[in-house]
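> Handing over run17.txt, compact mmCIF, C-alpha atoms.
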```
# COMPACT_ATOMS: atom_id res chain seq x y z
CA MET A 4 402.06 -27.30 52.30
CA LYS A 5 398.80 -28.98 53.17
CA THR A 6 395.73 -26.89 53.82
CA LYS A 7 392.26 -27.64 55.08
CA ALA A 8 389.48 -25.60 53.49
CA VAL A 9 385.74 -25.40 52.97
CA ARG A 10 385.11 -25.58 49.23
CA VAL A 11 382.10 -25.14 46.96
CA HIS A 12 381.55 -28.28 44.85
CA GLY A 13 378.07 -27.35 43.60
CA LYS A 14 374.73 -26.00 44.74
CA LYS A 15 374.34 -26.49 48.51
CA ASP A 16 377.45 -28.66 48.38
CA LEU A 17 380.11 -27.39 50.79
CA ARG A 18 382.81 -29.79 51.90
CA ILE A 19 385.81 -29.63 54.20
CA ASP A 20 388.72 -30.81 52.05
CA GLU A 21 392.35 -31.35 52.87
CA PHE A 22 394.77 -30.96 49.97
CA ASP A 23 398.22 -29.74 48.98
CA LEU A 24 398.77 -26.13 48.03
CA PRO A 25 401.11 -25.55 45.09
CA ALA A 26 404.50 -24.00 45.77
CA ILE A 27 404.26 -20.23 45.44
CA GLY A 28 405.68 -18.48 42.40
CA ASN A 29 407.91 -15.41 42.44
CA ASP A 30 404.81 -13.19 42.27
CA GLU A 31 402.70 -14.98 44.91
CA ILE A 32 402.42 -15.04 48.71
CA LEU A 33 401.79 -17.90 51.13
CA ALA A 34 399.65 -16.94 54.12
CA LYS A 35 398.05 -18.39 57.21
CA VAL A 36 394.38 -17.55 57.73
CA VAL A 37 393.47 -16.95 61.37
CA SER A 38 389.89 -15.69 61.33
CA ASP A 39 386.98 -15.41 58.94
CA SER A 40 383.48 -14.05 59.46
CA LEU A 41 380.54 -15.77 57.81
CA CYS A 42 378.59 -13.56 55.42
CA MET A 43 375.15 -13.77 53.84
CA SER A 44 376.89 -13.29 50.50
CA SER A 45 378.64 -16.62 51.08
CA TYR A 46 375.27 -18.21 51.82
CA LYS A 47 373.95 -16.93 48.49
CA ALA A 48 377.02 -18.25 46.68
CA ALA A 49 376.65 -21.64 48.38
CA ILE A 50 373.00 -22.11 47.50
CA GLN A 51 373.36 -20.83 43.93
CA GLY A 52 376.58 -22.63 43.03
CA THR A 53 377.58 -21.97 39.43
CA ASP A 54 374.46 -19.85 38.90
CA HIS A 55 376.17 -17.23 41.09
CA LYS A 56 377.94 -14.57 39.04
CA ARG A 57 381.25 -15.05 40.87
CA ILE A 58 381.36 -18.86 41.03
CA PRO A 59 383.24 -20.45 38.06
CA ASP A 60 381.40 -22.84 35.78
CA ASP A 61 383.92 -25.66 36.37
CA THR A 62 383.51 -25.71 40.14
CA ALA A 63 382.51 -29.39 40.19
CA GLU A 64 385.93 -30.27 38.74
CA ASN A 65 387.87 -27.43 40.40
CA PRO A 66 386.13 -26.48 43.65
CA VAL A 67 386.72 -23.01 45.08
CA ILE A 68 387.36 -21.92 48.67
CA ILE A 69 384.53 -19.96 50.27
CA GLY A 70 384.80 -17.04 52.73
CA HIS A 71 385.89 -13.47 52.09
CA GLU A 72 385.93 -11.65 55.47
CA PHE A 73 389.29 -12.95 56.60
CA ALA A 74 392.51 -11.95 58.26
CA GLY A 75 395.77 -13.70 58.95
CA GLU A 76 399.54 -13.65 58.81
CA ILE A 77 401.92 -13.70 55.85
CA LEU A 78 404.32 -16.67 55.94
CA GLU A 79 406.33 -16.53 52.71
CA VAL A 80 406.72 -13.82 50.08
CA GLY A 81 407.70 -14.28 46.44
CA ALA A 82 410.62 -12.20 45.20
CA LYS A 83 408.43 -9.69 43.35
CA TRP A 84 406.67 -8.53 46.53
CA GLN A 85 409.45 -8.70 49.12
CA VAL A 86 409.91 -4.92 49.14
CA ARG A 87 406.27 -4.38 50.15
CA PHE A 88 405.46 -7.42 52.33
CA LYS A 89 407.38 -9.62 54.75
CA PRO A 90 406.72 -12.75 56.80
CA GLY A 91 404.91 -11.87 60.01
CA ASP A 92 402.82 -9.06 58.50
CA LYS A 93 399.17 -9.24 59.48
CA PHE A 94 396.77 -8.73 56.62
CA ALA A 95 393.23 -8.28 55.40
CA ILE A 96 392.03 -8.66 51.82
CA GLN A 97 389.73 -6.55 49.71
CA PRO A 98 387.79 -9.31 47.92
CA ALA A 99 386.14 -7.04 45.33
CA LEU A 100 388.96 -7.20 42.81
CA SER A 101 388.50 -4.76 39.96
CA TYR A 102 390.10 -5.41 36.60
CA GLU A 103 389.01 -5.70 32.99
CA ASP A 104 390.38 -9.17 32.46
CA GLY A 105 392.16 -11.77 34.54
CA PRO A 106 392.61 -15.46 35.24
CA VAL A 107 389.25 -15.76 36.98
CA GLY A 108 387.28 -13.26 34.90
CA VAL A 109 385.95 -9.78 35.47
CA LEU A 110 383.90 -10.68 38.55
CA GLY A 111 386.47 -12.95 40.17
CA ALA A 112 386.87 -12.55 43.91
CA PRO A 113 388.63 -14.31 46.79
CA GLY A 114 386.06 -16.40 48.64
CA TYR A 115 384.11 -17.11 45.45
CA SER A 116 386.38 -17.77 42.50
CA TYR A 117 389.76 -19.13 43.59
CA ARG A 118 390.94 -22.70 44.15
CA PHE A 119 393.67 -21.68 46.58
CA LEU A 120 392.42 -18.44 48.13
CA GLY A 121 389.48 -17.93 50.47
CA GLY A 122 388.77 -17.18 54.09
CA ASP A 123 387.56 -20.58 55.28
CA ALA A 124 390.95 -22.24 55.05
CA THR A 125 393.99 -22.80 57.21
CA TYR A 126 396.59 -21.75 54.61
CA VAL A 127 396.19 -20.02 51.24
CA VAL A 128 398.18 -18.87 48.23
CA ILE A 129 397.57 -15.22 47.33
CA PRO A 130 397.98 -14.72 43.57
CA ASN A 131 399.75 -11.85 41.88
CA GLU A 132 396.65 -9.90 40.82
CA VAL A 133 395.56 -9.36 44.44
CA MET A 134 398.79 -7.46 45.12
CA GLU A 135 398.85 -5.78 41.69
CA LEU A 136 395.41 -4.33 42.37
CA GLY A 137 396.36 -3.14 45.85
CA CYS A 138 393.91 -5.53 47.49
CA LEU A 139 396.30 -7.18 49.98
CA LEU A 140 396.30 -4.77 52.90
CA LYS A 141 398.49 -4.71 55.96
CA TYR A 142 396.75 -4.52 59.31
CA ASN A 143 398.71 -2.90 62.15
CA GLY A 144 396.07 -3.00 64.86
CA PRO A 145 395.61 -5.44 67.75
CA GLY A 146 394.38 -9.00 67.24
CA TYR A 147 392.97 -10.50 64.06
CA PHE A 148 389.19 -10.37 64.27
CA PRO A 149 388.99 -6.57 63.80
CA ALA A 150 390.66 -7.07 60.41
CA SER A 151 388.04 -9.71 59.56
CA MET A 152 385.38 -7.14 60.45
CA ALA A 153 387.06 -4.54 58.22
CA GLU A 154 385.46 -6.01 55.09
CA PRO A 155 381.85 -5.86 56.32
CA LEU A 156 382.47 -2.39 57.74
CA SER A 157 383.87 -1.33 54.36
CA CYS A 158 380.56 -2.34 52.77
CA VAL A 159 378.59 0.16 54.85
CA ILE A 160 381.31 2.77 54.37
CA GLY A 161 380.91 2.32 50.63
CA ALA A 162 377.15 2.62 50.95
CA MET A 163 377.43 5.95 52.76
CA HIS A 164 379.87 7.25 50.17
CA ALA A 165 377.68 6.06 47.28
CA ASN A 166 374.58 8.04 48.25
CA TYR A 167 374.14 11.22 46.25
CA HIS A 168 372.14 14.41 46.05
CA ILE A 169 371.69 17.01 43.33
CA LYS A 170 372.76 20.60 43.75
CA PRO A 171 369.70 22.83 43.05
CA GLY A 172 369.65 24.13 39.51
CA THR A 173 372.43 21.82 38.34
CA TYR A 174 372.93 18.26 37.24
CA VAL A 175 375.95 17.78 39.49
CA HIS A 176 375.78 14.85 41.86
CA ASP A 177 376.88 15.76 45.37
CA MET A 178 378.14 12.42 46.67
CA GLU A 179 377.72 11.23 50.28
CA ILE A 180 375.00 11.44 52.91
CA VAL A 181 373.80 14.95 53.74
CA GLU A 182 375.86 16.73 56.37
CA ASP A 183 373.59 17.51 59.37
CA GLY A 184 370.78 15.81 57.47
CA LYS A 185 368.19 13.22 58.46
CA LEU A 186 369.20 9.56 58.05
CA ALA A 187 367.18 6.35 58.47
CA ILE A 188 368.43 2.77 58.66
CA LEU A 189 365.53 0.36 58.11
CA ALA A 190 365.66 -3.26 59.34
CA GLY A 191 368.85 -1.95 60.82
CA VAL A 192 369.87 -4.00 63.85
CA GLY A 193 371.28 -7.06 62.13
CA PRO A 194 375.07 -7.30 61.91
CA MET A 195 375.44 -5.01 58.90
CA GLY A 196 372.99 -2.50 60.33
CA LEU A 197 374.99 -2.45 63.55
CA ALA A 198 378.14 -1.83 61.52
CA ALA A 199 376.42 1.12 59.86
CA ILE A 200 375.28 2.60 63.19
CA ASN A 201 378.78 2.18 64.61
CA TYR A 202 380.33 3.88 61.59
CA VAL A 203 377.90 6.80 61.48
CA ILE A 204 378.44 7.55 65.16
CA HIS A 205 382.23 7.32 65.04
CA ARG A 206 383.19 8.78 61.67
CA GLU A 207 384.90 12.14 61.93
CA ASP A 208 384.16 13.84 58.62
CA ARG A 209 380.37 13.82 58.14
CA LYS A 210 377.39 13.14 60.41
CA PRO A 211 373.60 13.43 60.25
CA SER A 212 371.79 15.49 62.85
CA VAL A 213 369.07 12.82 63.22
CA MET A 214 369.38 9.05 62.80
CA VAL A 215 366.41 6.69 63.08
CA VAL A 216 366.99 2.93 63.24
CA THR A 217 364.04 0.55 62.80
CA ASP A 218 363.34 -3.14 63.23
CA ILE A 219 360.49 -5.42 64.32
CA ASP A 220 362.53 -7.40 66.87
CA GLN A 221 362.54 -5.61 70.23
CA VAL A 222 365.29 -7.81 71.67
CA ARG A 223 367.63 -6.88 68.86
CA LEU A 224 366.63 -3.23 69.11
CA ASP A 225 367.38 -3.25 72.83
CA ARG A 226 370.78 -4.82 72.21
CA ALA A 227 371.58 -2.20 69.58
CA ALA A 228 370.52 0.59 71.93
CA HIS A 229 372.80 -0.87 74.60
CA LEU A 230 375.79 -1.15 72.26
CA TYR A 231 375.31 2.20 70.52
CA SER A 232 373.18 4.23 72.87
CA PRO A 233 371.29 7.44 72.11
CA GLU A 234 373.48 9.03 74.81
CA LEU A 235 376.66 8.03 72.94
CA ALA A 236 375.20 9.35 69.69
CA LYS A 237 374.17 12.60 71.38
CA SER A 238 377.75 13.12 72.55
CA LYS A 239 378.70 13.03 68.86
CA GLY A 240 375.96 15.48 67.85
CA ILE A 241 373.42 12.92 66.60
CA ASP A 242 369.81 12.60 67.78
CA LEU A 243 369.41 8.79 67.63
CA HIS A 244 366.06 6.97 67.85
CA TYR A 245 365.40 3.21 67.85
CA VAL A 246 361.90 2.41 66.59
CA ASN A 247 359.98 -0.86 66.62
CA THR A 248 357.74 -0.40 63.58
CA SER A 249 355.60 -3.44 64.47
CA ASN A 250 354.23 -1.47 67.43
CA LEU A 251 353.07 1.49 65.32
CA GLU A 252 349.86 1.91 63.35
CA GLY A 253 351.42 4.62 61.20
CA PRO A 254 355.20 4.08 61.21
CA VAL A 255 355.87 6.39 58.25
CA LYS A 256 353.98 9.29 59.84
CA TYR A 257 355.73 8.73 63.18
CA MET A 258 359.21 8.50 61.69
CA LYS A 259 358.65 11.60 59.57
CA SER A 260 357.59 13.44 62.73
CA LEU A 261 361.12 12.85 64.04
CA THR A 262 362.39 14.92 61.10
CA GLY A 263 359.96 17.80 61.60
CA GLY A 264 357.67 16.28 59.01
CA ASN A 265 360.02 16.76 56.06
CA GLY A 266 361.25 13.20 55.66
CA PHE A 267 364.75 11.77 55.37
CA ASN A 268 367.59 12.87 53.13
CA ASP A 269 369.15 9.39 53.24
CA VAL A 270 367.38 6.07 53.80
CA PHE A 271 369.20 2.72 53.90
CA VAL A 272 367.36 -0.59 53.53
CA PHE A 273 369.07 -3.53 55.23
CA ALA A 274 366.60 -6.32 54.44
CA PRO A 275 365.43 -7.55 51.02
CA VAL A 276 361.75 -7.12 51.87
CA SER A 277 359.49 -5.30 49.40
CA GLN A 278 357.38 -3.72 52.16
CA VAL A 279 360.50 -2.23 53.75
CA ILE A 280 361.60 -0.77 50.42
CA GLU A 281 358.17 0.75 49.86
CA GLN A 282 358.26 2.21 53.36
CA ALA A 283 361.68 3.67 52.64
CA ASP A 284 360.34 5.29 49.47
CA GLN A 285 357.56 6.96 51.47
CA LEU A 286 360.07 8.33 53.97
CA LEU A 287 362.18 10.23 51.44
CA ALA A 288 362.41 14.00 51.60
CA PHE A 289 362.85 16.20 48.53
CA ASP A 290 366.05 15.06 46.77
CA GLY A 291 366.13 12.09 49.13
CA CYS A 292 368.30 9.08 48.30
CA LEU A 293 367.22 5.48 48.97
CA ASN A 294 370.10 3.02 49.23
CA PHE A 295 369.05 -0.61 48.76
CA PHE A 296 371.89 -2.27 50.63
CA ALA A 297 370.48 -5.76 51.19
CA GLY A 298 371.13 -7.99 48.21
CA PRO A 299 368.27 -10.42 47.45
CA ALA A 300 368.82 -14.04 46.46
CA ASP A 301 365.82 -13.95 44.12
CA PRO A 302 366.76 -12.43 40.71
CA GLN A 303 363.08 -11.49 40.18
CA PHE A 304 362.80 -9.55 43.45
CA SER A 305 360.96 -6.24 43.01
CA ALA A 306 359.04 -3.56 44.89
CA LYS A 307 356.84 -0.54 44.10
CA LEU A 308 358.35 2.93 43.91
CA ASN A 309 356.59 6.28 43.63
CA PHE A 310 357.72 7.62 40.26
CA TYR A 311 355.68 10.79 40.69
CA ASN A 312 358.17 11.66 43.42
CA VAL A 313 361.09 10.54 41.27
CA HIS A 314 360.00 13.12 38.71
CA TYR A 315 358.78 16.00 40.87
CA ALA A 316 360.57 15.52 44.19
CA PHE A 317 363.91 14.41 42.69
CA THR A 318 363.97 11.24 44.79
CA HIS A 319 366.44 8.61 43.63
CA ILE A 320 367.69 5.13 44.39
CA VAL A 321 371.10 3.50 44.48
CA GLY A 322 372.25 0.02 45.35
CA THR A 323 375.64 -0.93 46.72
CA SER A 324 377.27 -4.32 47.10
CA GLY A 325 380.57 -4.27 48.93
CA GLY A 326 383.08 -1.50 49.39
CA ASN A 327 386.07 -0.61 47.24
CA THR A 328 389.72 -0.66 48.27
CA ASP A 329 389.61 2.90 49.62
CA ASP A 330 386.63 1.91 51.77
CA ILE A 331 388.42 -1.04 53.35
CA LYS A 332 391.51 1.10 53.91
CA GLU A 333 389.30 3.59 55.76
CA SER A 334 387.83 0.69 57.71
CA LEU A 335 391.25 -0.68 58.71
CA GLU A 336 392.44 2.79 59.73
CA MET A 337 389.42 3.16 62.00
CA MET A 338 390.13 -0.26 63.55
CA GLU A 339 393.76 0.70 64.12
CA LYS A 340 392.60 3.90 65.84
CA GLY A 341 390.43 1.90 68.22
CA LEU A 342 387.01 1.46 66.58
CA ASP A 343 385.57 -1.62 68.28
CA PRO A 344 383.60 -3.93 65.95
CA SER A 345 382.91 -6.57 68.61
CA GLY A 346 379.25 -5.58 68.95
CA LEU A 347 378.64 -7.24 65.59
CA ILE A 348 379.84 -10.66 66.79
CA THR A 349 377.56 -13.06 68.67
CA HIS A 350 378.98 -16.52 67.88
CA ILE A 351 382.41 -18.15 67.76
CA GLY A 352 383.26 -21.41 66.02
CA GLY A 353 385.86 -23.48 64.24
CA LEU A 354 386.35 -24.49 60.61
CA ASN A 355 384.39 -27.69 61.22
CA VAL A 356 381.07 -25.80 61.51
CA VAL A 357 381.39 -23.69 58.37
CA PRO A 358 379.52 -25.89 55.85
CA GLU A 359 376.44 -26.38 58.01
CA ALA A 360 376.44 -22.86 59.44
CA THR A 361 376.86 -21.19 56.05
CA LEU A 362 373.98 -23.12 54.49
CA ASP A 363 371.77 -22.38 57.49
CA LEU A 364 372.92 -18.80 58.05
CA PRO A 365 369.52 -17.07 57.58
CA ASN A 366 368.05 -19.25 60.33
CA ILE A 367 370.76 -18.76 62.95
CA PRO A 368 369.83 -15.90 65.29
CA GLY A 369 372.23 -13.22 66.42
CA GLY A 370 374.92 -11.26 64.65
CA LYS A 371 378.19 -12.19 63.00
CA LYS A 372 379.52 -15.74 63.27
CA LEU A 373 383.29 -15.51 63.70
CA ILE A 374 385.32 -18.54 62.62
CA TYR A 375 388.84 -19.40 63.76
CA THR A 376 390.02 -21.65 60.98
CA HIS A 377 392.65 -23.62 62.93
CA LEU A 378 390.10 -24.65 65.56
CA ASP A 379 387.67 -27.53 65.79
CA MET A 380 384.87 -25.96 67.85
CA PRO A 381 381.05 -25.95 67.80
CA LEU A 382 379.38 -22.74 66.72
CA THR A 383 378.79 -21.22 70.15
CA ALA A 384 376.93 -18.12 71.23
CA ILE A 385 379.05 -15.89 73.44
CA SER A 386 376.08 -15.68 75.77
CA ASP A 387 376.39 -19.45 76.36
CA PHE A 388 380.04 -19.38 77.45
CA ARG A 389 379.22 -19.17 81.15
CA GLU A 390 376.93 -22.19 81.14
CA LEU A 391 379.39 -24.24 79.06
CA GLY A 392 382.13 -23.16 81.43
CA ARG A 393 380.63 -25.35 84.15
CA ASN A 394 382.29 -28.32 82.48
CA ASN A 395 384.95 -26.66 80.32
CA GLN A 396 387.67 -24.43 81.74
CA LEU A 397 388.35 -22.68 78.43
CA PHE A 398 384.74 -21.52 78.15
CA SER A 399 384.80 -20.47 81.80
CA ASP A 400 387.93 -18.38 81.24
CA MET A 401 386.50 -16.84 78.06
CA ALA A 402 383.27 -16.03 79.89
CA ASP A 403 385.28 -14.18 82.55
CA ILE A 404 387.00 -12.13 79.86
CA CYS A 405 383.79 -11.39 77.97
CA ASP A 406 382.15 -10.26 81.20
CA ARG A 407 384.89 -7.67 81.57
CA TYR A 408 383.99 -6.39 78.10
CA ASP A 409 380.25 -6.04 78.70
CA GLY A 410 379.55 -9.50 77.31
CA LEU A 411 381.39 -8.87 74.04
CA TRP A 412 384.20 -10.60 72.21
CA SER A 413 387.63 -8.98 72.50
CA VAL A 414 391.26 -9.27 71.48
CA GLU A 415 392.00 -10.64 74.96
CA ALA A 416 389.43 -13.41 74.50
CA GLU A 417 390.79 -14.12 71.02
CA GLU A 418 394.34 -14.45 72.34
CA LEU A 419 393.22 -16.94 74.98
CA LEU A 420 391.29 -18.98 72.39
CA LEU A 421 394.20 -19.06 69.96
CA LYS A 422 396.53 -20.32 72.67
CA SER A 423 394.26 -23.35 73.00
CA VAL A 424 395.03 -24.52 69.45
```
Translate the structure described by the file into structure tokens.

Amino acid sequence: MKTKAVRVHGKKDLRIDEFDLPAIGNDEILAKVVSDSLCMSSYKAAIQGTDHKRIPDDTAENPVIIGHEFAGEILEVGAKWQVRFKPGDKFAIQPALSYEDGPVGVLGAPGYSYRFLGGDATYVVIPNEVMELGCLLKYNGPGYFPASMAEPLSCVIGAMHANYHIKPGTYVHDMEIVEDGKLAILAGVGPMGLAAINYVIHREDRKPSVMVVTDIDQVRLDRAAHLYSPELAKSKGIDLHYVNTSNLEGPVKYMKSLTGGNGFNDVFVFAPVSQVIEQADQLLAFDGCLNFFAGPADPQFSAKLNFYNVHYAFTHIVGTSGGNTDDIKESLEMMEKGLDPSGLITHIGGLNVVPEATLDLPNIPGGKKLIYTHLDMPLTAISDFRELGRNNQLFSDMADICDRYDGLWSVEAEELLLKSV
């Protein structure tokens, strides 16, 4: 079967290639990709090429398919996996494969390391190790794009689970954010910050009593407050505050005042900016945990930390990159139960825009850029649908649907778009 895919050929060298997929073996699966969401991690892989830890050294000779936030439909199943999977099953993939050795190495991952598997493709071959490791996951919810959003949501789920605190008088790590504690999300109204806010508000097992979300962009803060309002949070038992730190002379003092002056048990940093990390360090309460979520592209990136507090106030730092398989299972279950991830998405496009959009991702405003891989479509802001609809009936019809969903993407809009293929 022929496929069309965006492949990494070298540093800043992404190309749309059309080529034949090999016939699947008895332990492989052939699948159709429907949607993929562009990720900053893909941008880093694209600009670093073989310097990236997950990109193989022979990429110039054997280019790999990029994209790891994808969902689709299984078409053909090798004999080994026919008891577990069948044609027609919808799926998502956990890209963070975990094994000691394998055909693509310890750090191999779909969307970084495979010639025939990645999200920015029309059709892919899923190799045996993905199933062996339990990383091919069925999705039983509506539509496809929620399953694409399951991977980014799993990253913030993993971050929440990775935070830890120390039981007084012991050396036992108490994992997770503090129940009824004080939580801050700094630089937190980008797409991943929005995913974190959405998760914290809607999770059922553990919630903070206070959540403070900061940024320096008032437009983005206002959008976040509209999507995930303080009133919604209050109905779930959370006192939620959105704070524009650029408007404050003493942001640390003000934010601490929202905790009664004691500081935050859990602080998450969603931008690789040294000043934000240093601010997070100053916000920590006794036994507070700072989670550096935002991965920098610069391997020499650093920031100052108060090691007096590390020693005497038991403050600590963790960093997380991606979620594990349990995290993405939790994410998919929440999607199937009705968690709506559409607030993360601001742009829709086709496979044709992926190379340019991926390489320019830090400069494109808005949230997640959702790609439908069987479409040829400009990268288009949902907010522009109405204007484009003056001369294009499809955009007019999608604008009508999005208006019914408070200006957001939806399964109904997705179904209409996919019918246009």
> Between atom CA of Pro130 of chain A and atom CA of Asn29 of chain A, what is the distance in Å, rounded to a tenth?
10.0 Å
> So how many Å separate atom CA of Phe304 of chain A and atom CA of Ala274 of chain A, to one decimal?
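Interatomic distance here is 12.1 Å.
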> For a quick check of understanding, using all atoms listed in the file, which of A:Asp23, A:Asp30, A:Glu339, A:Asp330 has the smallest distance to Pro98 of chain A?
A:Asp330
> Within 9 Å of Gly144 of chain A, counting all atoms listed in the file, which residues show up once you throw out same-chain ones fewer than 6 positions away? Write them as JSON, numbers by chain, please.
{"A": [93, 150, 335, 336, 338, 339, 340, 341]}
> Which residue out of A:Leu224, A:Ile96, A:Val216, A:Ala236 has the minimum interatomic distance to Met258 of chain A when all atoms listed in the file are used?
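Using all atoms listed in the file, Met258 of chain A sits closest to A:Val216.
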> Between atom CA of Ala228 of chain A and atom CA of Gly346 of chain A, what distance in Å does the model show, to one decimal?
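Atom CA of Ala228 of chain A sits 11.1 Å away from atom CA of Gly346 of chain A.
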> Show me, as lines of an AutoDock Vina configuration file, the centre and edge lengths in Å to one decimal of the axis-aligned box that covers every listed atom of segment 39-57 of chain A with 3 Å on each side.

```
center_x = 380.0
center_y = -18.0
center_z = 49.2
size_x = 20.0
size_y = 15.3
size_z = 26.6
```
> Rank nothing, just name the residue among A:Tyr245, A:Tyr167, A:Trp84, A:Tyr202 nearest to Ala227 of chain A, using only C-alpha atoms.
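The closest residue to Ala227 of chain A is A:Tyr245.
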> Counting all atoms listed in the file, which of A:Leu156, A:Val11, A:Ala26, A:Leu347 gets nearest to Asn65 of chain A?
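Checking each candidate against Asn65 of chain A, we get A:Val11 as the closest.
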> Counting only C-alpha atoms, select every polymer residue within 9 Å of (398.2, -12.0, 43.8) as defined in the file's coordinates, and provide the selection as JSON, numbers by chain.
{"A": [30, 31, 32, 128, 129, 130, 131, 132, 133, 134, 135, 136, 138, 139]}
> Excluding same-chain residues fewer than 5 positions from Asp290 of chain A, what lies within 12 Å of it counting only C-alpha atoms, as a PDB file with C-alpha atoms, keeping the file's coordinate frame?

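Final file, out_14.pdb:
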```pdb
ATOM      1  CA  ASN A 166     374.580   8.040  48.250  1.00  0.00           C
ATOM      2  CA  TYR A 167     374.140  11.220  46.250  1.00  0.00           C
ATOM      3  CA  HIS A 168     372.140  14.410  46.050  1.00  0.00           C
ATOM      4  CA  ILE A 169     371.690  17.010  43.330  1.00  0.00           C
ATOM      5  CA  LYS A 170     372.760  20.600  43.750  1.00  0.00           C
ATOM      6  CA  PRO A 171     369.700  22.830  43.050  1.00  0.00           C
ATOM      7  CA  HIS A 176     375.780  14.850  41.860  1.00  0.00           C
ATOM      8  CA  ASP A 177     376.880  15.760  45.370  1.00  0.00           C
ATOM      9  CA  ILE A 180     375.000  11.440  52.910  1.00  0.00           C
ATOM     10  CA  VAL A 181     373.800  14.950  53.740  1.00  0.00           C
ATOM     11  CA  GLY A 184     370.780  15.810  57.470  1.00  0.00           C
ATOM     12  CA  ASN A 265     360.020  16.760  56.060  1.00  0.00           C
ATOM     13  CA  GLY A 266     361.250  13.200  55.660  1.00  0.00           C
ATOM     14  CA  PHE A 267     364.750  11.770  55.370  1.00  0.00           C
ATOM     15  CA  ASN A 268     367.590  12.870  53.130  1.00  0.00           C
ATOM     16  CA  ASP A 269     369.150   9.390  53.240  1.00  0.00           C
ATOM     17  CA  VAL A 270     367.380   6.070  53.800  1.00  0.00           C
ATOM     18  CA  ASP A 284     360.340   5.290  49.470  1.00  0.00           C
ATOM     19  CA  ASN A 312     358.170  11.660  43.420  1.00  0.00           C
ATOM     20  CA  VAL A 313     361.090  10.540  41.270  1.00  0.00           C
ATOM     21  CA  HIS A 314     360.000  13.120  38.710  1.00  0.00           C
ATOM     22  CA  TYR A 315     358.780  16.000  40.870  1.00  0.00           C
ATOM     23  CA  ALA A 316     360.570  15.520  44.190  1.00  0.00           C
ATOM     24  CA  PHE A 317     363.910  14.410  42.690  1.00  0.00           C
ATOM     25  CA  THR A 318     363.970  11.240  44.790  1.00  0.00           C
ATOM     26  CA  HIS A 319     366.440   8.610  43.630  1.00  0.00           C
ATOM     27  CA  ILE A 320     367.690   5.130  44.390  1.00  0.00           C
TER      28      ILE A 320
END
```
> Write out as number ranges by chain which residues come within 10 Å of Asp403 of chain A when counting all atoms listed in the file, dropping same-chain ones fewer than 6 positions away.
A: 388-389, 392, 397, 410, 416
> Generate a file of the selected residues that holds C-alpha atoms, formatted as an mmCIF file, in the frame of the given file.

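Heads up, here's the output in selection38.cif:
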```
data_model
loop_
_atom_site.group_PDB
_atom_site.id
_atom_site.type_symbol
_atom_site.label_atom_id
_atom_site.label_comp_id
_atom_site.auth_asym_id
_atom_site.auth_seq_id
_atom_site.Cartn_x
_atom_site.Cartn_y
_atom_site.Cartn_z
ATOM 1 C CA PHE A 388 380.040 -19.380 77.450
ATOM 2 C CA ARG A 389 379.220 -19.170 81.150
ATOM 3 C CA GLY A 392 382.130 -23.160 81.430
ATOM 4 C CA LEU A 397 388.350 -22.680 78.430
ATOM 5 C CA GLY A 410 379.550 -9.500 77.310
ATOM 6 C CA ALA A 416 389.430 -13.410 74.500
#
```
> Which protein, DNA or RNA residues have an atom at most 12 Å from (373.6, -19.2, 60.3), counting all atoms listed in the file? List them as a VMD selection string.
chain A and resid 40 to 46 349 to 352 356 to 374 382 to 384
> Skipping near chain neighbours, those fewer than 5 positions away, what residues fall within 7 Å of segment 111-125 of chain A using all atoms listed in the file, listed as a list in words?
Thr6, Lys7, Ala8, Val9, Leu24, Lys35, Val36, Asp39, Arg57, Ile58, Pro59, Asn65, Pro66, Val67, Ile68, Ile69, Gly70, His71, Glu72, Phe73, Pro98, Ala99, Leu100, Leu354, Thr376 and His377 of chain A
> Residues at most 10 Å from Cys405 of chain A, counting all atoms listed in the file, excluding those fewer than 2 positions away in the same chain, as a PDB file with C-alpha atoms, in the frame of the given file?

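The resulting out.pdb:
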```pdb
ATOM      1  CA  ILE A 385     379.050 -15.890  73.440  1.00  0.00           C
ATOM      2  CA  SER A 386     376.080 -15.680  75.770  1.00  0.00           C
ATOM      3  CA  PHE A 388     380.040 -19.380  77.450  1.00  0.00           C
ATOM      4  CA  ARG A 389     379.220 -19.170  81.150  1.00  0.00           C
ATOM      5  CA  SER A 399     384.800 -20.470  81.800  1.00  0.00           C
ATOM      6  CA  ASP A 400     387.930 -18.380  81.240  1.00  0.00           C
ATOM      7  CA  MET A 401     386.500 -16.840  78.060  1.00  0.00           C
ATOM      8  CA  ALA A 402     383.270 -16.030  79.890  1.00  0.00           C
ATOM      9  CA  ASP A 403     385.280 -14.180  82.550  1.00  0.00           C
ATOM     10  CA  ARG A 407     384.890  -7.670  81.570  1.00  0.00           C
ATOM     11  CA  TYR A 408     383.990  -6.390  78.100  1.00  0.00           C
ATOM     12  CA  ASP A 409     380.250  -6.040  78.700  1.00  0.00           C
ATOM     13  CA  GLY A 410     379.550  -9.500  77.310  1.00  0.00           C
ATOM     14  CA  LEU A 411     381.390  -8.870  74.040  1.00  0.00           C
ATOM     15  CA  TRP A 412     384.200 -10.600  72.210  1.00  0.00           C
ATOM     16  CA  SER A 413     387.630  -8.980  72.500  1.00  0.00           C
ATOM     17  CA  GLU A 415     392.000 -10.640  74.960  1.00  0.00           C
ATOM     18  CA  ALA A 416     389.430 -13.410  74.500  1.00  0.00           C
TER      19      ALA A 416
END
```
> I'd like to know which of A:His229, A:His205, A:Lys56, A:Lys185 is closest to Asp242 of chain A, using only C-alpha atoms.
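Using only C-alpha atoms, the shortest distance to Asp242 of chain A belongs to A:Lys185.
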